[in-house]
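Each remark here refers to the structure printed beneath this line.
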Amino acid sequence: LGWFERHWPDDWPVELVVEGEPTLRLPRDAADAEVRFTCIIDPVDGTRSLMHDKRSAWVLSAIAPFRASGPARLCETFVAAMTELPPSKQPLADQISAVRGARRAGIRAERVDLRDGSRVSFEPRPSRSRDLRHGFASFARFFPAGKALLAEFEESLWERLYGAWEGGAPLIFDDQYICTGGQFYELLVGHDRMLGDLRPLVFAKLGLKDAISCHPYDACTALILEEAGCRLTAPEGSALDFPLDTLSPVAWVGFANPELEAHVRPALDAALREFFG
């Protein structure tokens, strides 16, 4: 918070929404009529993996126009950025940002060498595959709560798409990157073809009120994927949208490209109806 206050320009009064902190304004005495922006930040998405030096965590942030009548929403964000926090043995870290409506021209991606501070630009390239065969695709089931139902749902989806598994070569691979920022990155750079987080649906069905799910600060960089050509939606296919707060549960499904979504969507919708009504 001290760093943000030192670097944010005083002539752009902002509402700051941060995981684990009360919402505040900078300058701190700014009135509603003066505040221009809402900035939502997850300072460390993927804390546990980074603590154990297993995998990168991410700093996630997005900005929307301020609304005095209630929280700004994801659909109103116009710029977002994500910065990699790598484990100790990894000397490179990626930074990716995007501006809404500029498509690929508005995406800036750089790989930072932490040993000397040098930067090299690169172009995020989501997969162009039209199906999931022999690629990575999965749904978030990081914790014990709801894991059995999520696995059953996922197995049902794969069977609807490609038939029952009969002991041949693996058709679809699973990789549980334990943070939403990391999952978004895997879609952006072409590592994964489809990812999703249905925990709010699962927890509601099972009556698990206090189970941990995705929150708005975890998914605030969605516009980067959209500008890169990915498809990011609510589970049933409507536009992904939610208030930029710290409490709302967020369910989402992401596809590397629209053609892949068209391939998966009929089976996904049927599985959603069967499991969640």
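Quick note on naming: the chains in the structure tokens go A, B, ... in the order shown, residues restart at 1 in each chain, and ligands are numbered from 1 in order of appearance.
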Practice problem: Excluding Ala251 in chain A and residues on its chain fewer than 2 positions from it, collect all residues at most 10 Å away from it, counting only C-alpha atoms, and give them as a ChimeraX atom specification. | Solution: /A:196-202,213-216,219,233-236,240-242,248-249,253
Quiz item: Could you pull the residues within 12 Å of Ala222 in chain A, counting only C-alpha atoms, minus those fewer than 5 positions along the same chain, as an NGL selection string?
Solution: :A and (60-63 or 73-82 or 96-100 or 180-181 or 183-185 or 187-188 or 216-217 or 227-234 or 239-242 or 250 or 252-255)
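Residues in contact with Leu272 in chain A at up to 9 Å, not including ones fewer than 2 positions away on its chain and judged by only C-alpha atoms, are Phe153, Leu157, Pro235, Glu236, Ala267, Leu268, Asp269, Ala270, Glu274, Phe275, Phe276 and Gly277 of chain A.
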Could you write those residues out with C-alpha atoms, as a compact mmCIF listing (two decimals), in the first residue's frame?
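So result.txt came out as:
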# COMPACT_ATOMS: atom_id res chain seq x y z
CA PHE A 153 -18.18 -33.94 -13.81
CA LEU A 157 -17.52 -34.24 -20.04
CA PRO A 235 -19.96 -21.63 -17.25
CA GLU A 236 -23.19 -21.57 -19.27
CA ALA A 267 -21.08 -31.39 -24.38
CA LEU A 268 -20.23 -28.86 -21.65
CA ASP A 269 -23.79 -27.50 -21.56
CA ALA A 270 -25.21 -31.04 -21.33
CA GLU A 274 -26.92 -33.00 -15.62
CA PHE A 275 -24.77 -32.09 -12.64
CA PHE A 276 -26.02 -28.64 -11.65
CA GLY A 277 -29.49 -28.27 -13.16
Give me the residues of range 240-265 of chain A that have any atom at most 10 Å from an atom of range 67-71 of chain A; for each, the nearest atom pair and the distance in Å, rounded to one decimal. Use only C-alpha atoms, sort by chain and number, and format it as a tab-separated table.
residue	atom	partner	partner_atom	distance
A:Phe242	CA	A:Pro71	CA	9.3
A:Pro243	CA	A:Pro71	CA	5.6
A:Leu244	CA	A:Pro71	CA	5.9
A:Asp245	CA	A:Pro71	CA	6.8
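In this comparison, which uses only C-alpha atoms, the residue of A:Ala105, A:Pro87, A:Val189, A:Gly117 approaching Met51 in chain A most closely is A:Pro87.
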Considering only C-alpha atoms, give me a table of residues in range 40-157 of chain A that are at most 12 Å from range 21-26 of chain A, with the closest atom pair and distance in Å for each, as a tab-separated table.
residue	atom	partner	partner_atom	distance
A:Ile40	CA	A:Thr23	CA	9.6
A:Ile41	CA	A:Glu21	CA	10.4
A:Asp42	CA	A:Glu21	CA	10.4
A:Pro43	CA	A:Glu21	CA	10.7
A:Phe66	CA	A:Arg25	CA	11.0
A:Pro71	CA	A:Thr23	CA	10.8
Go ahead and write the residues just picked, N, CA, C and O atoms, as an mmCIF file, in the first residue's frame.
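Wrote it out as selection_4.cif, contents follow:
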data_model
loop_
_atom_site.group_PDB
_atom_site.id
_atom_site.type_symbol
_atom_site.label_atom_id
_atom_site.label_comp_id
_atom_site.auth_asym_id
_atom_site.auth_seq_id
_atom_site.Cartn_x
_atom_site.Cartn_y
_atom_site.Cartn_z
ATOM 1 N N ILE A 40 -8.358 -2.778 -8.841
ATOM 2 C CA ILE A 40 -8.414 -4.005 -8.056
ATOM 3 C C ILE A 40 -7.101 -4.751 -8.218
ATOM 4 O O ILE A 40 -6.568 -4.854 -9.325
ATOM 5 N N ILE A 41 -6.549 -5.251 -7.114
ATOM 6 C CA ILE A 41 -5.230 -5.888 -7.128
ATOM 7 C C ILE A 41 -5.248 -7.151 -6.268
ATOM 8 O O ILE A 41 -5.782 -7.153 -5.159
ATOM 9 N N ASP A 42 -4.652 -8.202 -6.802
ATOM 10 C CA ASP A 42 -4.275 -9.357 -5.984
ATOM 11 C C ASP A 42 -2.756 -9.322 -5.883
ATOM 12 O O ASP A 42 -2.057 -9.620 -6.847
ATOM 13 N N PRO A 43 -2.206 -8.937 -4.734
ATOM 14 C CA PRO A 43 -0.750 -8.763 -4.625
ATOM 15 C C PRO A 43 0.037 -10.052 -4.867
ATOM 16 O O PRO A 43 1.135 -10.016 -5.423
ATOM 17 N N PHE A 66 -14.516 4.586 -11.887
ATOM 18 C CA PHE A 66 -15.158 4.534 -10.572
ATOM 19 C C PHE A 66 -16.654 4.769 -10.700
ATOM 20 O O PHE A 66 -17.113 5.591 -11.501
ATOM 21 N N PRO A 71 -20.060 -1.158 -6.702
ATOM 22 C CA PRO A 71 -18.764 -1.599 -7.208
ATOM 23 C C PRO A 71 -18.691 -1.540 -8.729
ATOM 24 O O PRO A 71 -19.683 -1.825 -9.421
#
Practice problem: Just the alpha helix (DSSP H) stuff from range 142-209 of chain A, please, per backbone DSSP, written as number ranges by chain. | Solution: A: 147-162, 180-188, 199-206
Taking the chain letters and numbering used in this document, name the residues of range 21-264 of chain A that DSSP puts in strand (DSSP E), as a CSV table (one decimal) with N, CA and C atoms, in the first residue's frame.
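Result went into states_2.csv, see below:
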chain,number,residue,atom,x,y,z
A,24,LEU,N,-9.9,1.4,0.2
A,24,LEU,CA,-9.5,2.8,0.6
A,24,LEU,C,-9.4,3.7,-0.7
A,25,ARG,N,-9.2,4.9,-0.4
A,25,ARG,CA,-9.0,5.9,-1.5
A,25,ARG,C,-7.7,6.6,-1.4
A,26,LEU,N,-7.1,6.9,-2.5
A,26,LEU,CA,-5.9,7.7,-2.6
A,26,LEU,C,-6.2,8.9,-3.6
A,37,PHE,N,-11.1,6.4,-10.8
A,37,PHE,CA,-10.9,5.0,-11.1
A,37,PHE,C,-11.1,4.1,-9.9
A,38,THR,N,-11.4,2.8,-10.2
A,38,THR,CA,-11.3,1.7,-9.3
A,38,THR,C,-10.2,0.8,-9.8
A,39,CYS,N,-9.2,0.5,-8.9
A,39,CYS,CA,-8.1,-0.4,-9.2
A,39,CYS,C,-8.2,-1.6,-8.3
A,40,ILE,N,-8.4,-2.8,-8.8
A,40,ILE,CA,-8.4,-4.0,-8.1
A,40,ILE,C,-7.1,-4.8,-8.2
A,41,ILE,N,-6.5,-5.3,-7.1
A,41,ILE,CA,-5.2,-5.9,-7.1
A,41,ILE,C,-5.2,-7.2,-6.3
A,42,ASP,N,-4.7,-8.2,-6.8
A,42,ASP,CA,-4.3,-9.4,-6.0
A,42,ASP,C,-2.8,-9.3,-5.9
A,43,PRO,N,-2.2,-8.9,-4.7
A,43,PRO,CA,-0.7,-8.8,-4.6
A,43,PRO,C,0.0,-10.1,-4.9
A,44,VAL,N,-0.5,-11.2,-4.4
A,44,VAL,CA,0.2,-12.5,-4.7
A,44,VAL,C,-0.9,-13.5,-4.9
A,45,ASP,N,-1.1,-13.9,-6.1
A,45,ASP,CA,-2.1,-15.0,-6.5
A,45,ASP,C,-1.2,-16.3,-6.7
A,57,ALA,N,4.0,-17.5,-8.7
A,57,ALA,CA,2.7,-16.8,-8.3
A,57,ALA,C,2.6,-15.6,-9.2
A,58,TRP,N,1.5,-14.8,-9.1
A,58,TRP,CA,1.3,-13.7,-10.0
A,58,TRP,C,0.7,-12.5,-9.2
A,59,VAL,N,1.2,-11.3,-9.6
A,59,VAL,CA,0.5,-10.0,-9.2
A,59,VAL,C,-0.5,-9.7,-10.3
A,60,LEU,N,-1.8,-9.5,-9.9
A,60,LEU,CA,-2.8,-9.3,-10.9
A,60,LEU,C,-3.5,-8.0,-10.6
A,61,SER,N,-3.8,-7.2,-11.6
A,61,SER,CA,-4.4,-5.9,-11.4
A,61,SER,C,-5.2,-5.5,-12.6
A,62,ALA,N,-6.2,-4.7,-12.3
A,62,ALA,CA,-7.1,-4.1,-13.4
A,62,ALA,C,-7.7,-2.8,-13.0
A,63,ILE,N,-8.1,-2.0,-13.9
A,63,ILE,CA,-8.6,-0.7,-13.6
A,63,ILE,C,-9.9,-0.5,-14.4
A,64,ALA,N,-10.9,0.1,-13.7
A,64,ALA,CA,-12.2,0.5,-14.3
A,64,ALA,C,-12.6,1.9,-13.9
A,65,PRO,N,-13.5,2.5,-14.6
A,65,PRO,CA,-14.0,3.8,-14.1
A,65,PRO,C,-14.7,3.6,-12.8
A,79,VAL,N,-8.0,-1.7,-18.7
A,79,VAL,CA,-6.6,-2.1,-18.7
A,79,VAL,C,-6.4,-3.1,-17.6
A,80,ALA,N,-5.5,-4.0,-17.9
A,80,ALA,CA,-5.1,-5.0,-16.9
A,80,ALA,C,-3.7,-5.4,-17.1
A,81,ALA,N,-3.1,-5.9,-16.0
A,81,ALA,CA,-1.7,-6.3,-16.1
A,81,ALA,C,-1.4,-7.5,-15.1
A,82,MET,N,-0.5,-8.4,-15.5
A,82,MET,CA,-0.2,-9.5,-14.7
A,82,MET,C,1.4,-9.7,-14.7
A,83,THR,N,1.9,-9.8,-13.5
A,83,THR,CA,3.4,-9.9,-13.4
A,83,THR,C,3.8,-11.2,-12.6
A,84,GLU,N,4.7,-12.0,-13.2
A,84,GLU,CA,5.1,-13.2,-12.6
A,84,GLU,C,6.0,-13.1,-11.4
A,85,LEU,N,5.8,-13.8,-10.4
A,85,LEU,CA,6.7,-13.9,-9.2
A,85,LEU,C,7.3,-15.3,-9.2
A,92,LEU,N,13.9,-15.9,-14.9
A,92,LEU,CA,13.0,-15.2,-15.8
A,92,LEU,C,11.6,-15.0,-15.3
A,93,ALA,N,11.0,-13.8,-15.6
A,93,ALA,CA,9.7,-13.5,-15.1
A,93,ALA,C,9.0,-12.8,-16.2
A,94,ASP,N,7.7,-13.1,-16.5
A,94,ASP,CA,6.9,-12.5,-17.6
A,94,ASP,C,6.0,-11.4,-17.0
A,95,GLN,N,5.9,-10.4,-17.8
A,95,GLN,CA,4.9,-9.3,-17.5
A,95,GLN,C,4.0,-9.2,-18.7
A,96,ILE,N,2.7,-9.2,-18.6
A,96,ILE,CA,1.7,-9.0,-19.7
A,96,ILE,C,0.7,-8.0,-19.3
A,97,SER,N,0.4,-7.1,-20.2
A,97,SER,CA,-0.7,-6.2,-20.0
A,97,SER,C,-1.5,-6.0,-21.3
A,98,ALA,N,-2.7,-5.5,-21.2
A,98,ALA,CA,-3.5,-5.2,-22.3
A,98,ALA,C,-4.5,-4.1,-22.1
A,99,VAL,N,-4.9,-3.5,-23.2
A,99,VAL,CA,-5.9,-2.4,-23.2
A,99,VAL,C,-7.1,-2.9,-23.9
A,108,ARG,N,1.0,-5.9,-24.4
A,108,ARG,CA,2.4,-5.7,-24.2
A,108,ARG,C,2.9,-6.9,-23.3
A,109,ALA,N,3.9,-7.7,-23.8
A,109,ALA,CA,4.4,-8.8,-23.1
A,109,ALA,C,5.9,-8.7,-23.1
A,110,GLU,N,6.5,-8.9,-21.9
A,110,GLU,CA,8.0,-8.8,-21.8
A,110,GLU,C,8.4,-9.9,-20.9
A,111,ARG,N,9.6,-10.5,-21.2
A,111,ARG,CA,10.2,-11.4,-20.3
A,111,ARG,C,11.4,-10.7,-19.7
A,112,VAL,N,11.4,-10.7,-18.4
A,112,VAL,CA,12.4,-9.9,-17.6
A,112,VAL,C,13.5,-10.9,-17.1
A,113,ASP,N,14.7,-10.6,-17.3
A,113,ASP,CA,15.8,-11.4,-16.8
A,113,ASP,C,16.2,-10.8,-15.4
A,119,ARG,N,15.1,-6.8,-20.6
A,119,ARG,CA,13.7,-7.2,-21.0
A,119,ARG,C,13.7,-7.6,-22.5
A,120,VAL,N,13.0,-8.6,-22.8
A,120,VAL,CA,12.8,-9.0,-24.2
A,120,VAL,C,11.3,-9.2,-24.5
A,121,SER,N,10.8,-8.5,-25.5
A,121,SER,CA,9.4,-8.7,-25.9
A,121,SER,C,9.1,-10.0,-26.4
A,135,GLY,N,-4.0,-32.8,-25.6
A,135,GLY,CA,-3.6,-31.5,-25.0
A,135,GLY,C,-4.0,-31.4,-23.5
A,136,PHE,N,-3.7,-30.3,-22.9
A,136,PHE,CA,-4.0,-30.0,-21.5
A,136,PHE,C,-5.4,-29.3,-21.4
A,137,ALA,N,-6.2,-29.9,-20.5
A,137,ALA,CA,-7.5,-29.3,-20.2
A,137,ALA,C,-8.0,-29.8,-18.9
A,138,SER,N,-8.5,-28.9,-18.0
A,138,SER,CA,-9.0,-29.4,-16.7
A,138,SER,C,-9.8,-28.3,-16.0
A,139,PHE,N,-10.4,-28.8,-14.9
A,139,PHE,CA,-11.2,-27.9,-14.1
A,139,PHE,C,-10.6,-27.8,-12.7
A,172,ILE,N,-6.5,-36.7,-22.8
A,172,ILE,CA,-6.5,-35.4,-22.3
A,172,ILE,C,-5.6,-35.3,-21.0
A,173,PHE,N,-4.8,-34.3,-20.9
A,173,PHE,CA,-3.9,-34.2,-19.8
A,173,PHE,C,-4.3,-33.2,-18.8
A,194,MET,N,-8.1,-25.6,-22.6
A,194,MET,CA,-9.3,-25.3,-21.9
A,194,MET,C,-9.1,-25.4,-20.4
A,195,LEU,N,-9.6,-24.4,-19.7
A,195,LEU,CA,-9.5,-24.5,-18.2
A,195,LEU,C,-10.8,-23.9,-17.7
A,196,GLY,N,-11.2,-24.3,-16.5
A,196,GLY,CA,-12.4,-23.8,-15.9
A,196,GLY,C,-12.3,-23.9,-14.4
A,197,ASP,N,-13.2,-23.1,-13.7
A,197,ASP,CA,-13.3,-23.2,-12.3
A,197,ASP,C,-14.8,-23.1,-12.0
A,231,ARG,N,-11.4,-17.2,-25.4
A,231,ARG,CA,-12.8,-17.0,-25.0
A,231,ARG,C,-12.9,-17.3,-23.5
A,232,LEU,N,-13.4,-16.4,-22.7
A,232,LEU,CA,-13.6,-16.5,-21.3
A,232,LEU,C,-15.0,-16.2,-21.0
A,233,THR,N,-15.7,-17.1,-20.4
A,233,THR,CA,-17.2,-17.0,-20.2
A,233,THR,C,-17.6,-17.5,-18.8
A,252,TRP,N,-16.0,-19.7,-13.9
A,252,TRP,CA,-15.6,-19.3,-15.2
A,252,TRP,C,-15.1,-20.5,-16.0
A,253,VAL,N,-15.2,-20.4,-17.4
A,253,VAL,CA,-14.6,-21.4,-18.3
A,253,VAL,C,-13.8,-20.6,-19.3
A,254,GLY,N,-12.6,-21.1,-19.6
A,254,GLY,CA,-11.8,-20.4,-20.6
A,254,GLY,C,-11.3,-21.3,-21.7
A,255,PHE,N,-11.4,-20.8,-22.9
A,255,PHE,CA,-11.0,-21.6,-24.1
A,255,PHE,C,-9.9,-20.8,-24.9
